[in-house]
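Below: the structure, in structure tokens.
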Amino acid sequence: MSCLSFLGWLALLHLCSGHGASTEGKDGTVTPLTDYTVRLAGGPDSTQGRVELYIGGQWGSVCDTGFDVTEAQVACASLGFNQGQGSFLGNQFGPGSGPVHLDNVVCTGSEFVLDDCQHSGIGSTNCTHDNDVSVSCIGTGYTFRLTGTANVYEGVLEVLYRNQWGSVCEHGFDARDAQVACNSMGFGHIGYAMGNIFGRGDGEIWLDEVQCVGDEINIGVCPHNPWGASDCVHFDDISVTCTPLDVAVRLVDGPSENEGRVEMLFNGQWGSVCGNGFTDVEARVACYSLGFDQGQGTFLGSQFGPGTGQIWFDSVSCTGTESTLNECSHGEVGSTNCTHDQDVSISCIGTSYEMRLMDGDFPYEGRIEINYQGEWGTVCSDEFDAFDAQVACSSLGFGRTGYSMGTVFGRGNGPVLLDDLNCAGDEYNIGNCQHPPWTLTNCLHVQDVGVACTPVDVAVRLVGGATEAEGRYEAYVNGQWGTVCDTGFSAVEAQVACYSLGFDRGQGVFAGNQFGPGTGRVWLDSVDCVGTEAVLNECQHSQIGSSNCSHDRDVSVSCVGTGYEVRLADGAVPYEGRLEINYQGEWGTVCSDSFSAIDTQVACYSLGFGRQGYSLGGEFGGGSGTVFLDEVGCVGDENNVGNCAHNPWTFSNCIHLQDVSISCTTVDVAVRLAGGATEGEGRLEMLVNGQWGTVCDTGFTDVEAQVACYSLGFDRGQGVFAGNQFGPGTGRVWLDSVDCVGTEAVLNECQHSQIGSSNCSHDRDVSISCVGTGYDVRLVDGVFPKEGRLEIFYRDEWGTVCDDFFTDVDAQVACESLGHGRVGRVLGTSRGAGTIWLDDVECVGTEANVGNCVHQPWGFTNCAHGEDVAITCSTSTGENYALRLVGSDGLPALNSGRLEIYRGLNEWGSVCDTGFGDKEAQVACASLGFTQFEGTFIGQSHGPGSGRIWLDNVNCTGNEIMLDDCQHGPWGTVACNHTEDVSIQCVGPWPAMPVRLVNPAANTSTPTEGRLEIFYFGVWGTVCDTGFNNVNAQVVCASLGFGYTGEFVFNLYGPGTDTIWLDAVSCVGNELSVGNCAHSPWGSTACTHNSDVSVRCVPI
């Protein structure tokens, strides 16, 4: 649209509305009538932020003079949120830029836009940007619908704006816009644009040039032209389909299966992809969707010529993390102005490496060697399995056959080039399989792997069963019968085993170790099948004959069959009734004990209704005949309920009153939150068969809360279980014992007890919060990294937590949110500063964050900072305190000194000599790193200490690891004075001192290179580079577990902080730690931190 035509359209709009070029404001000020756009800027998502208006071609802000919740609700209404929804957040999201468009805004609450409210006039203000208004509009946004088809999931997209339905123009509308629209209508982030396939809408064309990022909750909050500003006609109305894109991919007309023209099967028709914007990134996604490795693929232009049929995709733009091209951004499906001369061609060929087999008696076996950068080297046997062997043999021309022979062909020479291979099995060369960087290995040549590129000579049989169709599975390898270990064995592997015995594909059940132990070798272990293999040795497995399993774990299988006949009896409709099963020619029933939603779905699947349905308890009454199955426990992927885990057939303590009934329809469920302070939290309620009810808290955790929140439209992974915080509900308790994996879309997809069958009272009704998953927490002022004052971040400010009612359970929740696991305890108090955010914290123990526990309102407390709580997240007492020896001169001593203990919060103290003797000294010396049973109590030889006296009445047996393991009085409660402080002598060499490599760029806690630091006297410090060399570096690396390898890399990782402990280090090379090498006195140096040593423990 030209500028002139747009201005003409705008003028016409004003005239039709009864306005001229200007209007008189409610305060008498004449201001231009402006069709402006509103947005929220600077916030964490599209529902909150700084209010900005687009007026006169320029974005600007709104001053907060007189602004309150009423004005915030009008602002939110103008953004499409529900009338009356919105909160004023002051200036929370900071200052904006440009003009301040509005000031002194006063609304009644009935207005649609801020300009309808009373204000000073556009641009009339003396405010600065420090007064810019911020609001929160958390809510659902604009209402959308699909019209023009009989299907609820597809049609012309229409939006309700200012109480009038209108359509959306197709200009710029792509898959991301469609997915945001579908998600806002409850279909999830799926769907695609269909052009104008479903015809024209009517009324206004409200939106044009929609450009969603993809994470918005509603397309009305995506960037777009001003509402109603469009040059489209209704022939341009966009249609969408809210179903997954049904696409298959193939390569055509290339010289091999690895390259060709990309073609896609969409709705039953093959078509091509246009090359607009197509690069290697998109080629790699296409190759990955075809089964090639991630990151493999090259764009070849239109090398393999034009295709025919539709050009399905155009303007494809991938990030590289997608699994298929249709997950990438692209234009409307089937809408393009490209010709077939632009059809995309790609190559998925990976790099190939020359290989050979050495020192075998036959050409098809030997030690694997591979050529890398012109040099032959070997492959380590670590993690090398059948898949890796088959890829190696395929690249050598023997086909995808073969197996690992371990190290039978002896040692090679040259570098060990590959380690920890992990082939999927479809690669063309083992160099293309997943593995650590070339030459990066901890293997020696005694671990060089060999293979045999022939099929494994295997016969199989079933032994010890009641019939020939079941028993212990045995394999005949190289002339000897042996067994299979059950590590990782499941129904999939059992089906392959049965198929190899001549049973039908997909037939077989893993029966544990039911038919007892065998004898001879355990031939196979860690078997992992896809299900399409013909024999078990084609599956991934460990080296043949290499297993540490005992015969108690020998695999048993049943090949009786997967197709037990099942039926539903006495139901009013075909899809529901009492579940009955035919076994050995007789119909019988199934007990309802432990029968879950997953069991129901397997039963319904075997009846042809798909994996859906739910248990109805005993609704259709008792049956007759035998109760064949009890304690059914299906995984969910079985083809028949008779193949699930269960008691032996007919073994049951049930009577027919307990016969289970099921319904093989989807549960009609709606979900809501009730009784909460906001729409993001409350008691969880479900509408089942027209009646609202609740959910019992049995087994309910954050995982289930996240699924519930996701079903309410919140982000995946968002949600916290809030116990029973929002009180009891009424009606039925619909769900109990809910157990989710976390990937489900709704709670009724999770495992749960029978719907409506619960003995819970409403006092146990589940409450959840979907507001967020947690608050940042940290530990401050502790010497050890896992201890300190607990601080929490709220509203952009760090603050403390009061110790009132704070227990070890609360500490464990805090430690969990810090990543230390559910461990920890309260240490006491440590004075902090700032706001005391939390008081009276009461965690159940299952919360993901201490901020989600029950507590007083944020910032409401009667505590002072002297009550700020301190905790430790240590998993053992040895991490909660440290020991040292201090000489009479007050300096650290090597093996004789006053015994001192550090127990949290920067305080060293001594030990009283009451009852202390040589056994206690030996335990103390052992915990300092000396040999067990070395140590002597030498009275008070090294004089009195200062500070706390931590322990008294210590009584050890001599077998303890730490003093805290011994019997002793309460910590810090003693009747001694410092004239009774214990001194000890520890015979033997000074123990190895802890060292570490500090590398902030590394993504691991144990980097292989970094700045060298050593822990001494309770403090981490650095080492000066005076005289430092590769021998010293090798001692460092050996003490870190990398072996005597390594190099001094000068000051590569920059300066450290705190003390420089060592200087002039001179190692012989056989020391246990760099602290045991010759060096200047501890802490005695003229160096600065610019001379701090860095070390690398692996070759580049």
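Convention: chains lettered A, B, ... in structure tokens order; per-chain residue numbering from 1; ligands numbered from 1 as shown.
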
Picked from stretch 697-890 of chain A by DSSP as strand (DSSP E or B), as a ChimeraX atom specification: /A:720-721,733-735,739,751,765,767-769,777-780,787-794,797-802,825-829,836-838,842,854,868-872,882-886

Spatial neighbours of stretch 690-705 of chain A, 7 Å, only C-alpha atoms, chain gap at least 5 places, as JSON, numbers by chain: {"A": [684, 685, 719, 720, 721, 729, 730, 731, 732, 733, 734, 735, 736, 737, 738, 739, 740, 742, 760, 764, 765, 766, 768, 846, 847]}

Polymer residues at most 7 Å from stretch 212-217 of chain A, only C-alpha atoms, same-chain spacing of 4 or more positions, as JSON, numbers by chain: {"A": [46, 176, 177, 180, 184, 222, 223]}

Atom CA of A:Val1068 to atom CA of A:Gly414, distance in Å rounded to a single decimal: 28.3 Å

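For stretch 829-962 of chain A, the set of residues given helix (DSSP H, G or I) by DSSP on the backbone reads Val850, Gly851, Asn852, His865, Gly866, Glu867, Thr877, Gly878, Glu879, Asn880, Asp918, Lys919, Glu920, Ala921, Gln922, Val923, Ala924, Cys925, Ala926 and Ser927 of chain A.
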
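Every protein or nucleic acid residue with an atom no more than 6 Å from A:His541, counting only C-alpha atoms and leaving out same-chain residues fewer than 3 positions away, appears here: Asp385, Ala386, Ser526 and Val527 of chain A.
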
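The neighbours of A:Val1098 here are the residues that come within 10 Å of it, using only C-alpha atoms and leaving out any residue fewer than 2 positions away in the same chain; they are Thr439, Leu440, Thr441, Asn442, Thr1008, Glu1009, Cys1037, Phe1042, Gly1043, Thr1045, Gly1046, Glu1047, Val1095, Arg1096 and Ile1100 of chain A.
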
Could you take the residues named above and write them with N, CA, C and O atoms, as a CSV table (one decimal), in the first residue's frame?
chain,number,residue,atom,x,y,z
A,439,THR,N,42.1,-38.8,18.9
A,439,THR,CA,43.3,-39.0,19.7
A,439,THR,C,43.1,-38.7,21.2
A,439,THR,O,44.0,-38.9,22.0
A,440,LEU,N,41.9,-38.3,21.6
A,440,LEU,CA,41.6,-38.0,23.0
A,440,LEU,C,41.1,-39.3,23.6
A,440,LEU,O,40.0,-39.7,23.5
A,441,THR,N,42.0,-39.9,24.4
A,441,THR,CA,41.7,-41.2,25.0
A,441,THR,C,42.5,-41.5,26.2
A,441,THR,O,43.6,-40.9,26.3
A,442,ASN,N,42.0,-42.3,27.1
A,442,ASN,CA,42.8,-42.8,28.2
A,442,ASN,C,43.2,-44.2,28.1
A,442,ASN,O,43.6,-44.9,29.0
A,1008,THR,N,40.0,-30.4,32.0
A,1008,THR,CA,41.4,-31.0,31.7
A,1008,THR,C,42.4,-30.0,31.6
A,1008,THR,O,43.6,-30.4,31.5
A,1009,GLU,N,42.1,-28.7,31.7
A,1009,GLU,CA,43.1,-27.7,31.7
A,1009,GLU,C,42.5,-26.5,32.4
A,1009,GLU,O,41.3,-26.3,32.4
A,1037,CYS,N,48.7,-33.4,37.1
A,1037,CYS,CA,47.7,-34.2,36.3
A,1037,CYS,C,47.5,-35.6,36.9
A,1037,CYS,O,46.4,-36.1,37.0
A,1042,PHE,N,44.5,-38.0,35.8
A,1042,PHE,CA,44.7,-38.0,34.3
A,1042,PHE,C,46.0,-38.8,34.0
A,1042,PHE,O,46.3,-38.9,32.8
A,1043,GLY,N,46.7,-39.3,34.9
A,1043,GLY,CA,47.9,-40.0,34.7
A,1043,GLY,C,49.1,-39.0,34.6
A,1043,GLY,O,48.9,-37.8,34.6
A,1045,THR,N,50.8,-37.3,32.7
A,1045,THR,CA,50.9,-36.6,31.4
A,1045,THR,C,50.5,-35.2,31.7
A,1045,THR,O,49.7,-34.9,32.6
A,1046,GLY,N,50.9,-34.3,30.9
A,1046,GLY,CA,50.5,-32.9,31.1
A,1046,GLY,C,51.6,-32.0,30.7
A,1046,GLY,O,52.8,-32.4,30.5
A,1047,GLU,N,51.3,-30.7,30.6
A,1047,GLU,CA,52.2,-29.7,30.2
A,1047,GLU,C,51.9,-28.4,30.9
A,1047,GLU,O,50.8,-28.1,31.2
A,1095,VAL,N,47.9,-25.2,33.7
A,1095,VAL,CA,48.3,-26.6,33.3
A,1095,VAL,C,47.3,-27.2,32.4
A,1095,VAL,O,46.1,-27.0,32.5
A,1096,ARG,N,47.8,-28.0,31.4
A,1096,ARG,CA,47.0,-28.7,30.5
A,1096,ARG,C,47.3,-30.2,30.7
A,1096,ARG,O,48.4,-30.6,30.6
A,1100,ILE,N,46.7,-31.5,22.9
A,1100,ILE,CA,45.8,-30.7,22.0
A,1100,ILE,C,45.4,-31.7,20.9
A,1100,ILE,O,46.2,-32.3,20.3

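Once A:Gly412 and its same-chain neighbours fewer than 6 positions away are set aside, Met358, Asp359, Arg367, Ile368, Glu369, Trp376, Gly377, Thr378, Val379, Leu444, His445, Val446, Gln447, Asp448 and Val449 of chain A remain within 10 Å of it when counting only C-alpha atoms.
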
8 Å contact set for stretch 911-919 of chain A, only C-alpha atoms, chain neighbours under 6 positions out, as an NGL selection string: :A and (899-901 or 933 or 935-937 or 939 or 949-958 or 974 or 976-978 or 980-982)

Go through stretch 264-288 of chain A and flag each residue having an atom no more than 7 Å from stretch 335-350 of chain A; for those, report the closest pair of atoms plus their distance in Å to one decimal, using only C-alpha atoms, ordered by chain and rising number, as a tab-separated table.
residue	atom	partner	partner_atom	distance
A:Ser272	CA	A:Asp343	CA	6.1
A:Val273	CA	A:Asp343	CA	5.5
A:Cys274	CA	A:Asp343	CA	4.9
A:Gly275	CA	A:Val344	CA	5.1
A:Ala283	CA	A:Ile346	CA	6.1
A:Cys287	CA	A:Cys348	CA	5.7
